[in-house]
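Just below is one structure, and these are the notes that go with it.
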Amino acid sequence: MKLPNAKGKLAVITGGSSGLGYAIAKELASKGFDLLLVARNEAQLKEASSKLIADSGVKVHTTSVDVSKEEDVLSLKETVRSLAPCADIIVNSAGIVSGGFLVDTPLAEWDRLYNVNVRGLVSVLKSLLPDMIEQGGSDGQERHIVNIASAAAYTATGGMSAYGSTKAGVLALSESLAHEVAPSHVGVTTVCPEFVKTPIGSKVMLFGRMDNARSKRIIEKMFDRSTITTDELAVKVLKAITSGKLVVPAGKQATIAYHFKRVMPVRFFKMIDKALRF
């Protein structure tokens, strides 16, 4: 998707009021996109909107939506229609994380993770994608979807079975979706970052045997050792949109892991098992 003529085009960003979502919104605004920020916290949305308008001068709209609630997501379609024929870019950045061995993690936590990380993302796409496809069929313009997954989608570690499986699901559904929407001039990119320093880092819930000081220190170190910032990652996302890249490992650790596992899966498994034993 070419970005030079972004003036008047609309980008919809879930989780857009903070962290990676906000960084991507800021980068899209610098290219001239109008924005619709989607998040739950109205106060954070208002603050993010004010900053983006002051810094970029683009139109910034906000809507308080919980992507895990179907009734909330249904209202998103009408909000977008009131602003433009369709979304020109959709960034699914809303997500949550937790840790725990499979037998220690309550089914309710599996449901919570899936409802936001997978079902919420799917709900947003089912709500907004039909208009995007229809518009592409009539005007032939390129549009794009960015789904934020995680290096956990392909770097399976003990204690991350629930979270990792949601992100692996995002990667798989994104690749399938890319085939489905290509005839409608819609591209799909899945971004798989290593742990990045964002507000989500302080909200990691731990269950069972992982709910201890040692595990918390290991997770804190993983965030501290991140080799990529949210702003750097946002630049990478826009480059991926422009080039139409399908999968983007983000950060040195995530990139090495992505290629290492593909070439030497058994050795990679043993290395991860030794380095990240909770």
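Naming scheme: A, B, ... for chains in displayed order of the structure tokens; residues 1 onward per chain; ligands 1 onward as shown.
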| task | Might you pull out every residue within 10 Å of Leu206 of chain A, with only C-alpha atoms counted and same-chain residues fewer than 5 positions away left off, and present them as a list in words? | result |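 Returned residues: Val97, Ser98, Gly99, Gly100, Phe101, Asp104, Thr105, Gly159, Met160, Asp211, Asn212, Ser215 and Lys216 of chain A.
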| Neighbours of Val38 of chain A within 7 Å (only C-alpha atoms; same-chain residues fewer than 5 positions away dropped), as a list in words? |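 These residues fall inside the cut-off: Ile13, Thr14, Gly15, Gly16, Thr62, Thr63, Ser64 and Val65 of chain A.
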| request: Check the smallest atom-to-atom distance from each of A:Ala94, A:Ala168, A:Ala108, A:Ile241 to Gly21 of chain A using only C-alpha atoms, then report the winner. | output: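 Nearest candidate to Gly21 of chain A out of A:Ala94, A:Ala168, A:Ala108, A:Ile241: A:Ala94.
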Give me, as JSON lines, the closest atom pair and its distance (Å, one decimal) for every residue of segment 143-253 of chain A within a cut-off of 12 Å of segment 114-138 of chain A, counting only C-alpha atoms, rows sorted by chain and rising number.
{"residue": "A:Arg143", "atom": "CA", "partner": "A:Met132", "partner_atom": "CA", "distance": 7.6}
{"residue": "A:His144", "atom": "CA", "partner": "A:Met132", "partner_atom": "CA", "distance": 9.2}
{"residue": "A:Ile145", "atom": "CA", "partner": "A:Leu125", "partner_atom": "CA", "distance": 8.8}
{"residue": "A:Val146", "atom": "CA", "partner": "A:Leu121", "partner_atom": "CA", "distance": 10.6}
{"residue": "A:Asn147", "atom": "CA", "partner": "A:Leu121", "partner_atom": "CA", "distance": 8.0}
{"residue": "A:Ile148", "atom": "CA", "partner": "A:Asn117", "partner_atom": "CA", "distance": 9.3}
{"residue": "A:Ala149", "atom": "CA", "partner": "A:Asn117", "partner_atom": "CA", "distance": 8.4}
{"residue": "A:Ser150", "atom": "CA", "partner": "A:Asn117", "partner_atom": "CA", "distance": 10.7}
{"residue": "A:Ala153", "atom": "CA", "partner": "A:Asn117", "partner_atom": "CA", "distance": 11.9}
{"residue": "A:Ser161", "atom": "CA", "partner": "A:Tyr114", "partner_atom": "CA", "distance": 12.0}
{"residue": "A:Ala162", "atom": "CA", "partner": "A:Tyr114", "partner_atom": "CA", "distance": 8.4}
{"residue": "A:Tyr163", "atom": "CA", "partner": "A:Tyr114", "partner_atom": "CA", "distance": 8.3}
{"residue": "A:Gly164", "atom": "CA", "partner": "A:Asn117", "partner_atom": "CA", "distance": 10.3}
{"residue": "A:Ser165", "atom": "CA", "partner": "A:Tyr114", "partner_atom": "CA", "distance": 8.9}
{"residue": "A:Thr166", "atom": "CA", "partner": "A:Tyr114", "partner_atom": "CA", "distance": 6.1}
{"residue": "A:Lys167", "atom": "CA", "partner": "A:Asn117", "partner_atom": "CA", "distance": 7.2}
{"residue": "A:Ala168", "atom": "CA", "partner": "A:Val118", "partner_atom": "CA", "distance": 9.7}
{"residue": "A:Gly169", "atom": "CA", "partner": "A:Val118", "partner_atom": "CA", "distance": 7.0}
{"residue": "A:Val170", "atom": "CA", "partner": "A:Val118", "partner_atom": "CA", "distance": 6.3}
{"residue": "A:Leu171", "atom": "CA", "partner": "A:Val118", "partner_atom": "CA", "distance": 10.1}
{"residue": "A:Ala172", "atom": "CA", "partner": "A:Val118", "partner_atom": "CA", "distance": 10.8}
{"residue": "A:Leu173", "atom": "CA", "partner": "A:Val122", "partner_atom": "CA", "distance": 9.0}
{"residue": "A:Ser174", "atom": "CA", "partner": "A:Val122", "partner_atom": "CA", "distance": 9.9}
{"residue": "A:Leu177", "atom": "CA", "partner": "A:Leu125", "partner_atom": "CA", "distance": 10.1}
{"residue": "A:Glu180", "atom": "CA", "partner": "A:Ile133", "partner_atom": "CA", "distance": 10.3}
{"residue": "A:Val181", "atom": "CA", "partner": "A:Ile133", "partner_atom": "CA", "distance": 7.3}
{"residue": "A:Ala182", "atom": "CA", "partner": "A:Ile133", "partner_atom": "CA", "distance": 9.6}
{"residue": "A:Pro183", "atom": "CA", "partner": "A:Gly137", "partner_atom": "CA", "distance": 8.6}
{"residue": "A:Ser184", "atom": "CA", "partner": "A:Gly136", "partner_atom": "CA", "distance": 5.4}
{"residue": "A:His185", "atom": "CA", "partner": "A:Gly136", "partner_atom": "CA", "distance": 6.1}
{"residue": "A:Val186", "atom": "CA", "partner": "A:Ile133", "partner_atom": "CA", "distance": 7.4}
{"residue": "A:Gly187", "atom": "CA", "partner": "A:Ile133", "partner_atom": "CA", "distance": 11.0}
{"residue": "A:Val188", "atom": "CA", "partner": "A:Leu125", "partner_atom": "CA", "distance": 11.5}
Just-selected residues, N, CA, C and O atoms written as a short mmCIF file (atom, residue, chain, number, x, y, z; two decimals), in the first residue's frame:
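So part39.cif came out as:
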data_model
loop_
_atom_site.label_atom_id
_atom_site.label_comp_id
_atom_site.auth_asym_id
_atom_site.auth_seq_id
_atom_site.Cartn_x
_atom_site.Cartn_y
_atom_site.Cartn_z
N ARG A 143 -5.80 -1.05 0.43
CA ARG A 143 -6.03 -0.82 1.85
C ARG A 143 -5.28 -1.89 2.62
O ARG A 143 -4.75 -2.83 2.02
N HIS A 144 -5.23 -1.77 3.95
CA HIS A 144 -4.34 -2.68 4.68
C HIS A 144 -4.86 -2.97 6.08
O HIS A 144 -5.47 -2.11 6.73
N ILE A 145 -4.56 -4.19 6.53
CA ILE A 145 -4.86 -4.64 7.89
C ILE A 145 -3.56 -5.01 8.57
O ILE A 145 -2.74 -5.72 7.99
N VAL A 146 -3.37 -4.52 9.79
CA VAL A 146 -2.19 -4.88 10.59
C VAL A 146 -2.68 -5.55 11.87
O VAL A 146 -3.43 -4.95 12.65
N ASN A 147 -2.30 -6.79 12.07
CA ASN A 147 -2.64 -7.52 13.30
C ASN A 147 -1.39 -7.67 14.16
O ASN A 147 -0.40 -8.24 13.71
N ILE A 148 -1.45 -7.16 15.37
CA ILE A 148 -0.31 -7.26 16.27
C ILE A 148 -0.39 -8.59 17.01
O ILE A 148 -1.29 -8.84 17.82
N ALA A 149 0.55 -9.46 16.72
CA ALA A 149 0.64 -10.74 17.43
C ALA A 149 1.77 -10.63 18.46
O ALA A 149 1.78 -9.71 19.27
N SER A 150 2.73 -11.52 18.41
CA SER A 150 3.85 -11.51 19.36
C SER A 150 4.85 -12.55 18.91
O SER A 150 4.50 -13.52 18.21
N ALA A 153 4.09 -16.13 19.35
CA ALA A 153 3.34 -16.92 18.36
C ALA A 153 4.19 -18.06 17.82
O ALA A 153 3.66 -19.10 17.40
N SER A 161 1.46 -21.05 27.60
CA SER A 161 0.63 -21.82 26.68
C SER A 161 -0.65 -21.09 26.30
O SER A 161 -1.06 -21.11 25.13
N ALA A 162 -1.29 -20.43 27.24
CA ALA A 162 -2.54 -19.74 26.95
C ALA A 162 -2.28 -18.51 26.08
O ALA A 162 -2.86 -18.34 25.01
N TYR A 163 -1.38 -17.64 26.54
CA TYR A 163 -1.09 -16.42 25.79
C TYR A 163 -0.48 -16.75 24.43
O TYR A 163 -0.90 -16.20 23.40
N GLY A 164 0.50 -17.64 24.41
CA GLY A 164 1.17 -17.98 23.16
C GLY A 164 0.23 -18.55 22.13
O GLY A 164 0.33 -18.26 20.94
N SER A 165 -0.73 -19.37 22.58
CA SER A 165 -1.67 -19.96 21.62
C SER A 165 -2.59 -18.91 21.03
O SER A 165 -3.00 -19.03 19.87
N THR A 166 -2.92 -17.87 21.80
CA THR A 166 -3.75 -16.80 21.21
C THR A 166 -2.98 -16.08 20.12
O THR A 166 -3.54 -15.74 19.07
N LYS A 167 -1.70 -15.84 20.34
CA LYS A 167 -0.91 -15.10 19.36
C LYS A 167 -0.57 -15.97 18.14
O LYS A 167 -0.48 -15.47 17.01
N ALA A 168 -0.38 -17.27 18.37
CA ALA A 168 -0.21 -18.19 17.24
C ALA A 168 -1.48 -18.21 16.41
O ALA A 168 -1.44 -18.29 15.17
N GLY A 169 -2.62 -18.13 17.09
CA GLY A 169 -3.90 -18.06 16.38
C GLY A 169 -4.01 -16.82 15.53
O GLY A 169 -4.51 -16.88 14.39
N VAL A 170 -3.55 -15.69 16.05
CA VAL A 170 -3.57 -14.44 15.28
C VAL A 170 -2.71 -14.57 14.03
O VAL A 170 -3.09 -14.14 12.93
N LEU A 171 -1.54 -15.19 14.18
CA LEU A 171 -0.65 -15.38 13.04
C LEU A 171 -1.30 -16.26 11.98
O LEU A 171 -1.27 -15.95 10.78
N ALA A 172 -1.90 -17.36 12.41
CA ALA A 172 -2.52 -18.29 11.46
C ALA A 172 -3.71 -17.67 10.75
O ALA A 172 -3.86 -17.78 9.53
N LEU A 173 -4.58 -17.00 11.50
CA LEU A 173 -5.77 -16.43 10.87
C LEU A 173 -5.39 -15.28 9.93
O LEU A 173 -6.04 -15.05 8.91
N SER A 174 -4.31 -14.57 10.27
CA SER A 174 -3.86 -13.47 9.42
C SER A 174 -3.37 -13.98 8.06
O SER A 174 -3.66 -13.38 7.02
N LEU A 177 -6.39 -15.02 6.13
CA LEU A 177 -7.12 -13.82 5.70
C LEU A 177 -6.44 -13.14 4.52
O LEU A 177 -7.11 -12.63 3.61
N GLU A 180 -7.68 -14.50 1.43
CA GLU A 180 -9.09 -14.20 1.19
C GLU A 180 -9.31 -12.80 0.64
O GLU A 180 -10.18 -12.58 -0.20
N VAL A 181 -8.52 -11.83 1.12
CA VAL A 181 -8.80 -10.43 0.78
C VAL A 181 -7.90 -9.88 -0.32
O VAL A 181 -8.12 -8.76 -0.79
N ALA A 182 -6.91 -10.64 -0.75
CA ALA A 182 -6.00 -10.15 -1.80
C ALA A 182 -6.73 -9.70 -3.06
O ALA A 182 -6.38 -8.65 -3.63
N PRO A 183 -7.77 -10.41 -3.53
CA PRO A 183 -8.47 -9.95 -4.73
C PRO A 183 -9.17 -8.60 -4.56
O PRO A 183 -9.51 -7.95 -5.56
N SER A 184 -9.38 -8.19 -3.31
CA SER A 184 -10.07 -6.91 -3.04
C SER A 184 -9.08 -5.78 -2.77
O SER A 184 -9.46 -4.73 -2.25
N HIS A 185 -7.80 -6.00 -3.10
CA HIS A 185 -6.75 -4.99 -2.94
C HIS A 185 -6.50 -4.64 -1.46
O HIS A 185 -6.14 -3.52 -1.13
N VAL A 186 -6.72 -5.62 -0.59
CA VAL A 186 -6.47 -5.44 0.84
C VAL A 186 -5.27 -6.30 1.23
O VAL A 186 -5.26 -7.51 0.99
N GLY A 187 -4.26 -5.68 1.81
CA GLY A 187 -3.09 -6.40 2.30
C GLY A 187 -3.22 -6.72 3.77
O GLY A 187 -3.98 -6.07 4.50
N VAL A 188 -2.48 -7.71 4.24
CA VAL A 188 -2.50 -8.10 5.65
C VAL A 188 -1.07 -8.29 6.14
O VAL A 188 -0.27 -8.98 5.49
#
| task | Work out how far apart atom CA of Glu194 of chain A and atom CA of Val67 of chain A are and give it in Å to one decimal. | result |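 Answer for the atom CA of Glu194 of chain A to atom CA of Val67 of chain A separation: 23.2 Å.
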| Nearest to Asn92 of chain A by atom-to-atom distance, counting only C-alpha atoms, from A:Thr155, A:Thr189, A:Ser30, A:Thr242 | A:Thr189
| request: Using only C-alpha atoms, pick whichever of A:Ser68, A:Ser56, A:Ser226, A:Ser17 has the shortest atom-to-atom distance to Gln44 of chain A. | output: A:Ser17
| query | So which one's closest to Lys261 of chain A, A:Ile53, A:Tyr154, A:Ala48, A:Arg209? Using only C-alpha atoms, please. | reply |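 Under the stated criterion, the closest residue is A:Tyr154.
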| request: Tell me which of A:Val58, A:Leu246, A:Val12, A:Ala156 sits closest to His179 of chain A, counting only C-alpha atoms. | output: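 Of A:Val58, A:Leu246, A:Val12, A:Ala156, the one nearest His179 of chain A is A:Leu246, counting only C-alpha atoms.
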| With only C-alpha atoms as the basis for distance, which of A:Pro249, A:Gly208, A:Pro85, A:Gly158 is at the shortest distance from Gly8 of chain A? |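 Comparing A:Pro249, A:Gly208, A:Pro85, A:Gly158 against Gly8 of chain A, the winner is A:Pro85.
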Within segment 87-251 of chain A, find each residue whose DSSP state, derived from the backbone, is alpha helix (DSSP H), and express the selection as a short mmCIF file (atom, residue, chain, number, x, y, z; two decimals) with N, CA, C and O atoms, in the first residue's frame.
data_model
loop_
_atom_site.label_atom_id
_atom_site.label_comp_id
_atom_site.auth_asym_id
_atom_site.auth_seq_id
_atom_site.Cartn_x
_atom_site.Cartn_y
_atom_site.Cartn_z
N LEU A 107 -9.63 -21.95 33.38
CA LEU A 107 -10.29 -21.84 32.09
C LEU A 107 -10.85 -20.44 31.87
O LEU A 107 -10.90 -19.95 30.74
N ALA A 108 -11.23 -19.79 32.96
CA ALA A 108 -11.73 -18.42 32.84
C ALA A 108 -10.65 -17.49 32.28
O ALA A 108 -10.96 -16.53 31.55
N GLU A 109 -9.38 -17.76 32.61
CA GLU A 109 -8.29 -16.94 32.08
C GLU A 109 -8.06 -17.25 30.61
O GLU A 109 -7.75 -16.35 29.82
N TRP A 110 -8.16 -18.51 30.21
CA TRP A 110 -8.09 -18.85 28.79
C TRP A 110 -9.17 -18.09 28.02
O TRP A 110 -8.92 -17.52 26.96
N ASP A 111 -10.38 -18.06 28.59
CA ASP A 111 -11.48 -17.34 27.95
C ASP A 111 -11.18 -15.85 27.84
O ASP A 111 -11.42 -15.22 26.81
N ARG A 112 -10.64 -15.27 28.92
CA ARG A 112 -10.34 -13.83 28.92
C ARG A 112 -9.32 -13.49 27.83
O ARG A 112 -9.49 -12.53 27.08
N LEU A 113 -8.26 -14.28 27.74
CA LEU A 113 -7.23 -14.05 26.73
C LEU A 113 -7.79 -14.20 25.31
O LEU A 113 -7.54 -13.36 24.44
N TYR A 114 -8.54 -15.27 25.09
CA TYR A 114 -9.09 -15.51 23.75
C TYR A 114 -10.13 -14.45 23.38
O TYR A 114 -10.21 -14.02 22.22
N LEU A 121 -10.28 -9.40 18.08
CA LEU A 121 -9.68 -9.03 16.80
C LEU A 121 -10.58 -9.48 15.64
O LEU A 121 -10.83 -8.71 14.69
N VAL A 122 -11.09 -10.71 15.72
CA VAL A 122 -11.97 -11.22 14.68
C VAL A 122 -13.25 -10.39 14.60
O VAL A 122 -13.75 -10.07 13.51
N SER A 123 -13.80 -10.01 15.75
CA SER A 123 -15.03 -9.21 15.78
C SER A 123 -14.84 -7.87 15.08
O SER A 123 -15.71 -7.41 14.33
N VAL A 124 -13.70 -7.25 15.35
CA VAL A 124 -13.41 -5.96 14.70
C VAL A 124 -13.33 -6.13 13.18
O VAL A 124 -13.90 -5.34 12.41
N LEU A 125 -12.65 -7.17 12.74
CA LEU A 125 -12.52 -7.41 11.30
C LEU A 125 -13.86 -7.76 10.66
O LEU A 125 -14.18 -7.28 9.57
N LYS A 126 -14.66 -8.58 11.31
CA LYS A 126 -15.97 -8.93 10.77
C LYS A 126 -16.86 -7.70 10.68
O LYS A 126 -17.72 -7.61 9.79
N SER A 127 -16.67 -6.76 11.58
CA SER A 127 -17.47 -5.54 11.58
C SER A 127 -17.05 -4.57 10.47
O SER A 127 -17.90 -3.99 9.79
N LEU A 128 -15.74 -4.42 10.27
CA LEU A 128 -15.24 -3.37 9.37
C LEU A 128 -14.81 -3.87 7.99
O LEU A 128 -14.78 -3.09 7.03
N LEU A 129 -14.45 -5.14 7.89
CA LEU A 129 -13.89 -5.65 6.64
C LEU A 129 -14.87 -5.67 5.47
O LEU A 129 -14.47 -5.37 4.33
N PRO A 130 -16.16 -6.00 5.67
CA PRO A 130 -17.07 -6.00 4.52
C PRO A 130 -17.11 -4.67 3.77
O PRO A 130 -17.10 -4.66 2.53
N ASP A 131 -17.15 -3.56 4.48
CA ASP A 131 -17.16 -2.25 3.81
C ASP A 131 -15.84 -2.00 3.10
O ASP A 131 -15.80 -1.41 2.01
N MET A 132 -14.73 -2.45 3.69
CA MET A 132 -13.42 -2.29 3.08
C MET A 132 -13.34 -3.07 1.76
O MET A 132 -12.85 -2.57 0.75
N ILE A 133 -13.86 -4.30 1.78
CA ILE A 133 -13.86 -5.13 0.58
C ILE A 133 -14.76 -4.53 -0.50
O ILE A 133 -14.38 -4.45 -1.68
N GLU A 134 -15.95 -4.10 -0.10
CA GLU A 134 -16.89 -3.52 -1.07
C GLU A 134 -16.31 -2.26 -1.71
O GLU A 134 -16.39 -2.06 -2.92
N GLN A 135 -15.70 -1.41 -0.90
CA GLN A 135 -15.12 -0.17 -1.42
C GLN A 135 -13.94 -0.47 -2.35
O GLN A 135 -13.77 0.18 -3.38
N GLY A 136 -13.15 -1.48 -1.99
CA GLY A 136 -12.03 -1.86 -2.85
C GLY A 136 -12.49 -2.37 -4.20
O GLY A 136 -11.83 -2.15 -5.22
N GLY A 137 -13.65 -3.04 -4.20
CA GLY A 137 -14.20 -3.53 -5.46
C GLY A 137 -14.67 -2.42 -6.37
O GLY A 137 -14.67 -2.57 -7.59
N SER A 138 -15.05 -1.27 -5.78
CA SER A 138 -15.56 -0.17 -6.60
C SER A 138 -14.50 0.85 -6.98
O SER A 138 -14.54 1.41 -8.08
N ASP A 139 -13.52 1.08 -6.10
CA ASP A 139 -12.52 2.11 -6.45
C ASP A 139 -11.13 1.55 -6.75
O ASP A 139 -10.25 2.27 -7.22
N SER A 161 1.46 -21.05 27.60
CA SER A 161 0.63 -21.82 26.68
C SER A 161 -0.65 -21.09 26.30
O SER A 161 -1.06 -21.11 25.13
N ALA A 162 -1.29 -20.43 27.24
CA ALA A 162 -2.54 -19.74 26.95
C ALA A 162 -2.28 -18.51 26.08
O ALA A 162 -2.86 -18.34 25.01
N TYR A 163 -1.38 -17.64 26.54
CA TYR A 163 -1.09 -16.42 25.79
C TYR A 163 -0.48 -16.75 24.43
O TYR A 163 -0.90 -16.20 23.40
N GLY A 164 0.50 -17.64 24.41
CA GLY A 164 1.17 -17.98 23.16
C GLY A 164 0.23 -18.55 22.13
O GLY A 164 0.33 -18.26 20.94
N SER A 165 -0.73 -19.37 22.58
CA SER A 165 -1.67 -19.96 21.62
C SER A 165 -2.59 -18.91 21.03
O SER A 165 -3.00 -19.03 19.87
N THR A 166 -2.92 -17.87 21.80
CA THR A 166 -3.75 -16.80 21.21
C THR A 166 -2.98 -16.08 20.12
O THR A 166 -3.54 -15.74 19.07
N LYS A 167 -1.70 -15.84 20.34
CA LYS A 167 -0.91 -15.10 19.36
C LYS A 167 -0.57 -15.97 18.14
O LYS A 167 -0.48 -15.47 17.01
N ALA A 168 -0.38 -17.27 18.37
CA ALA A 168 -0.21 -18.19 17.24
C ALA A 168 -1.48 -18.21 16.41
O ALA A 168 -1.44 -18.29 15.17
N GLY A 169 -2.62 -18.13 17.09
CA GLY A 169 -3.90 -18.06 16.38
C GLY A 169 -4.01 -16.82 15.53
O GLY A 169 -4.51 -16.88 14.39
N VAL A 170 -3.55 -15.69 16.05
CA VAL A 170 -3.57 -14.44 15.28
C VAL A 170 -2.71 -14.57 14.03
O VAL A 170 -3.09 -14.14 12.93
N LEU A 171 -1.54 -15.19 14.18
CA LEU A 171 -0.65 -15.38 13.04
C LEU A 171 -1.30 -16.26 11.98
O LEU A 171 -1.27 -15.95 10.78
N ALA A 172 -1.90 -17.36 12.41
CA ALA A 172 -2.52 -18.29 11.46
C ALA A 172 -3.71 -17.67 10.75
O ALA A 172 -3.86 -17.78 9.53
N LEU A 173 -4.58 -17.00 11.50
CA LEU A 173 -5.77 -16.43 10.87
C LEU A 173 -5.39 -15.28 9.93
O LEU A 173 -6.04 -15.05 8.91
N SER A 174 -4.31 -14.57 10.27
CA SER A 174 -3.86 -13.47 9.42
C SER A 174 -3.37 -13.98 8.06
O SER A 174 -3.66 -13.38 7.02
N GLU A 175 -2.64 -15.09 8.09
CA GLU A 175 -2.13 -15.64 6.84
C GLU A 175 -3.28 -16.15 5.97
O GLU A 175 -3.30 -15.98 4.75
N SER A 176 -4.28 -16.77 6.60
CA SER A 176 -5.45 -17.23 5.86
C SER A 176 -6.23 -16.04 5.30
O SER A 176 -6.65 -16.04 4.14
N LEU A 177 -6.39 -15.02 6.13
CA LEU A 177 -7.12 -13.82 5.70
C LEU A 177 -6.44 -13.14 4.52
O LEU A 177 -7.11 -12.63 3.61
N ALA A 178 -5.12 -13.15 4.51
CA ALA A 178 -4.38 -12.51 3.42
C ALA A 178 -4.77 -13.10 2.07
O ALA A 178 -4.89 -12.39 1.06
N HIS A 179 -4.97 -14.42 2.02
CA HIS A 179 -5.41 -15.07 0.78
C HIS A 179 -6.83 -14.62 0.42
O HIS A 179 -7.13 -14.37 -0.75
N GLU A 180 -7.68 -14.50 1.43
CA GLU A 180 -9.09 -14.20 1.19
C GLU A 180 -9.31 -12.80 0.64
O GLU A 180 -10.18 -12.58 -0.20
N VAL A 181 -8.52 -11.83 1.12
CA VAL A 181 -8.80 -10.43 0.78
C VAL A 181 -7.90 -9.88 -0.32
O VAL A 181 -8.12 -8.76 -0.79
N ALA A 213 8.00 -14.37 43.08
CA ALA A 213 8.94 -13.27 42.86
C ALA A 213 9.94 -13.59 41.75
O ALA A 213 10.32 -12.72 40.95
N ARG A 214 10.40 -14.84 41.68
CA ARG A 214 11.41 -15.21 40.67
C ARG A 214 10.85 -15.05 39.26
O ARG A 214 11.50 -14.49 38.37
N SER A 215 9.65 -15.56 39.04
CA SER A 215 9.03 -15.45 37.71
C SER A 215 8.81 -13.99 37.33
O SER A 215 9.02 -13.60 36.18
N LYS A 216 8.41 -13.21 38.31
CA LYS A 216 8.18 -11.79 38.04
C LYS A 216 9.48 -11.10 37.64
O LYS A 216 9.50 -10.24 36.75
N ARG A 217 10.60 -11.47 38.28
CA ARG A 217 11.90 -10.88 37.92
C ARG A 217 12.31 -11.28 36.50
O ARG A 217 12.84 -10.46 35.75
N ILE A 218 12.08 -12.55 36.14
CA ILE A 218 12.42 -13.01 34.80
C ILE A 218 11.63 -12.22 33.75
O ILE A 218 12.17 -11.77 32.74
N ILE A 219 10.34 -12.02 34.00
CA ILE A 219 9.49 -11.29 33.05
C ILE A 219 9.91 -9.83 32.97
O ILE A 219 9.97 -9.24 31.88
N GLU A 220 10.24 -9.25 34.11
CA GLU A 220 10.72 -7.86 34.12
C GLU A 220 11.99 -7.71 33.30
O GLU A 220 12.16 -6.74 32.54
N LYS A 221 12.90 -8.70 33.41
CA LYS A 221 14.14 -8.66 32.64
C LYS A 221 13.87 -8.78 31.14
O LYS A 221 14.54 -8.16 30.31
N MET A 222 12.86 -9.58 30.78
CA MET A 222 12.50 -9.73 29.38
C MET A 222 12.05 -8.40 28.79
O MET A 222 12.40 -8.05 27.66
N PHE A 223 11.28 -7.65 29.55
CA PHE A 223 10.86 -6.32 29.10
C PHE A 223 12.05 -5.36 29.08
O PHE A 223 12.21 -4.57 28.14
N ASP A 224 12.89 -5.42 30.11
CA ASP A 224 14.04 -4.51 30.20
C ASP A 224 15.05 -4.74 29.08
O ASP A 224 15.73 -3.81 28.65
N THR A 230 8.68 1.36 21.19
CA THR A 230 7.38 1.45 20.51
C THR A 230 7.47 2.34 19.27
O THR A 230 6.86 2.04 18.24
N ASP A 231 8.23 3.42 19.36
CA ASP A 231 8.37 4.32 18.20
C ASP A 231 9.10 3.63 17.05
O ASP A 231 8.72 3.79 15.88
N GLU A 232 10.15 2.88 17.37
CA GLU A 232 10.87 2.13 16.33
C GLU A 232 9.98 1.07 15.71
O GLU A 232 10.01 0.84 14.48
N LEU A 233 9.19 0.44 16.53
CA LEU A 233 8.28 -0.58 16.04
C LEU A 233 7.21 0.02 15.14
O LEU A 233 6.83 -0.57 14.12
N ALA A 234 6.73 1.21 15.50
CA ALA A 234 5.73 1.88 14.67
C ALA A 234 6.27 2.19 13.28
O ALA A 234 5.57 2.03 12.27
N VAL A 235 7.52 2.63 13.21
CA VAL A 235 8.16 2.89 11.91
C VAL A 235 8.23 1.61 11.10
O VAL A 235 7.98 1.58 9.89
N LYS A 236 8.57 0.52 11.77
CA LYS A 236 8.67 -0.80 11.12
C LYS A 236 7.30 -1.23 10.57
O LYS A 236 7.21 -1.83 9.49
N VAL A 237 6.25 -0.94 11.31
CA VAL A 237 4.90 -1.29 10.88
C VAL A 237 4.54 -0.55 9.59
O VAL A 237 4.02 -1.14 8.64
N LEU A 238 4.85 0.74 9.53
CA LEU A 238 4.52 1.50 8.32
C LEU A 238 5.34 1.03 7.12
O LEU A 238 4.82 1.00 5.99
N LYS A 239 6.58 0.66 7.34
CA LYS A 239 7.39 0.11 6.25
C LYS A 239 6.78 -1.20 5.74
O LYS A 239 6.77 -1.47 4.54
N ALA A 240 6.26 -2.01 6.66
CA ALA A 240 5.64 -3.28 6.29
C ALA A 240 4.36 -3.04 5.48
O ALA A 240 4.07 -3.79 4.54
N ILE A 241 3.59 -2.02 5.86
CA ILE A 241 2.39 -1.68 5.10
C ILE A 241 2.76 -1.28 3.68
O ILE A 241 2.15 -1.72 2.70
N THR A 242 3.78 -0.45 3.56
CA THR A 242 4.22 0.03 2.25
C THR A 242 4.71 -1.10 1.36
O THR A 242 4.42 -1.14 0.17
N SER A 243 5.46 -2.03 1.96
CA SER A 243 6.05 -3.11 1.18
C SER A 243 5.11 -4.31 1.03
O SER A 243 5.38 -5.22 0.23
#
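Of note, atom CA of Gln141 of chain A and atom CA of Met1 of chain A are spaced 8.7 Å apart.
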| field | Backbone DSSP call of strand (DSSP E or B) for segment 30-171 of chain A, listed as a list in words | value |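 DSSP on the backbone gives strand (DSSP E or B) at Asp34, Leu35, Leu36, Leu37, Val38, Ala39, Val60, His61, Thr62, Thr63, Ser64, Ile89, Ile90, Val91, Asn92, Ser98, Gly99, Arg143, His144, Ile145, Val146, Asn147 and Ile148 of chain A.
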| task | Excluding Phe268 of chain A and residues on its chain fewer than 2 positions from it, collect all residues at most 12 Å away from it, counting only C-alpha atoms, and give them as a list of chain:residue names. | result |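 Skipping anything fewer than 2 positions along the chain leaves A:Tyr154, A:Thr155, A:Ala156, A:Thr157, A:Ile256, A:Ala257, A:Tyr258, A:His259, A:Phe260, A:Lys261, A:Arg262, A:Val263, A:Met264, A:Pro265, A:Val266, A:Lys270, A:Met271, A:Ile272, A:Asp273, A:Lys274, A:Ala275, A:Leu276.
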| query | What is the atom CA of Thr229 of chain A to atom CA of Thr190 of chain A distance in Å? | reply | 17.6 Å
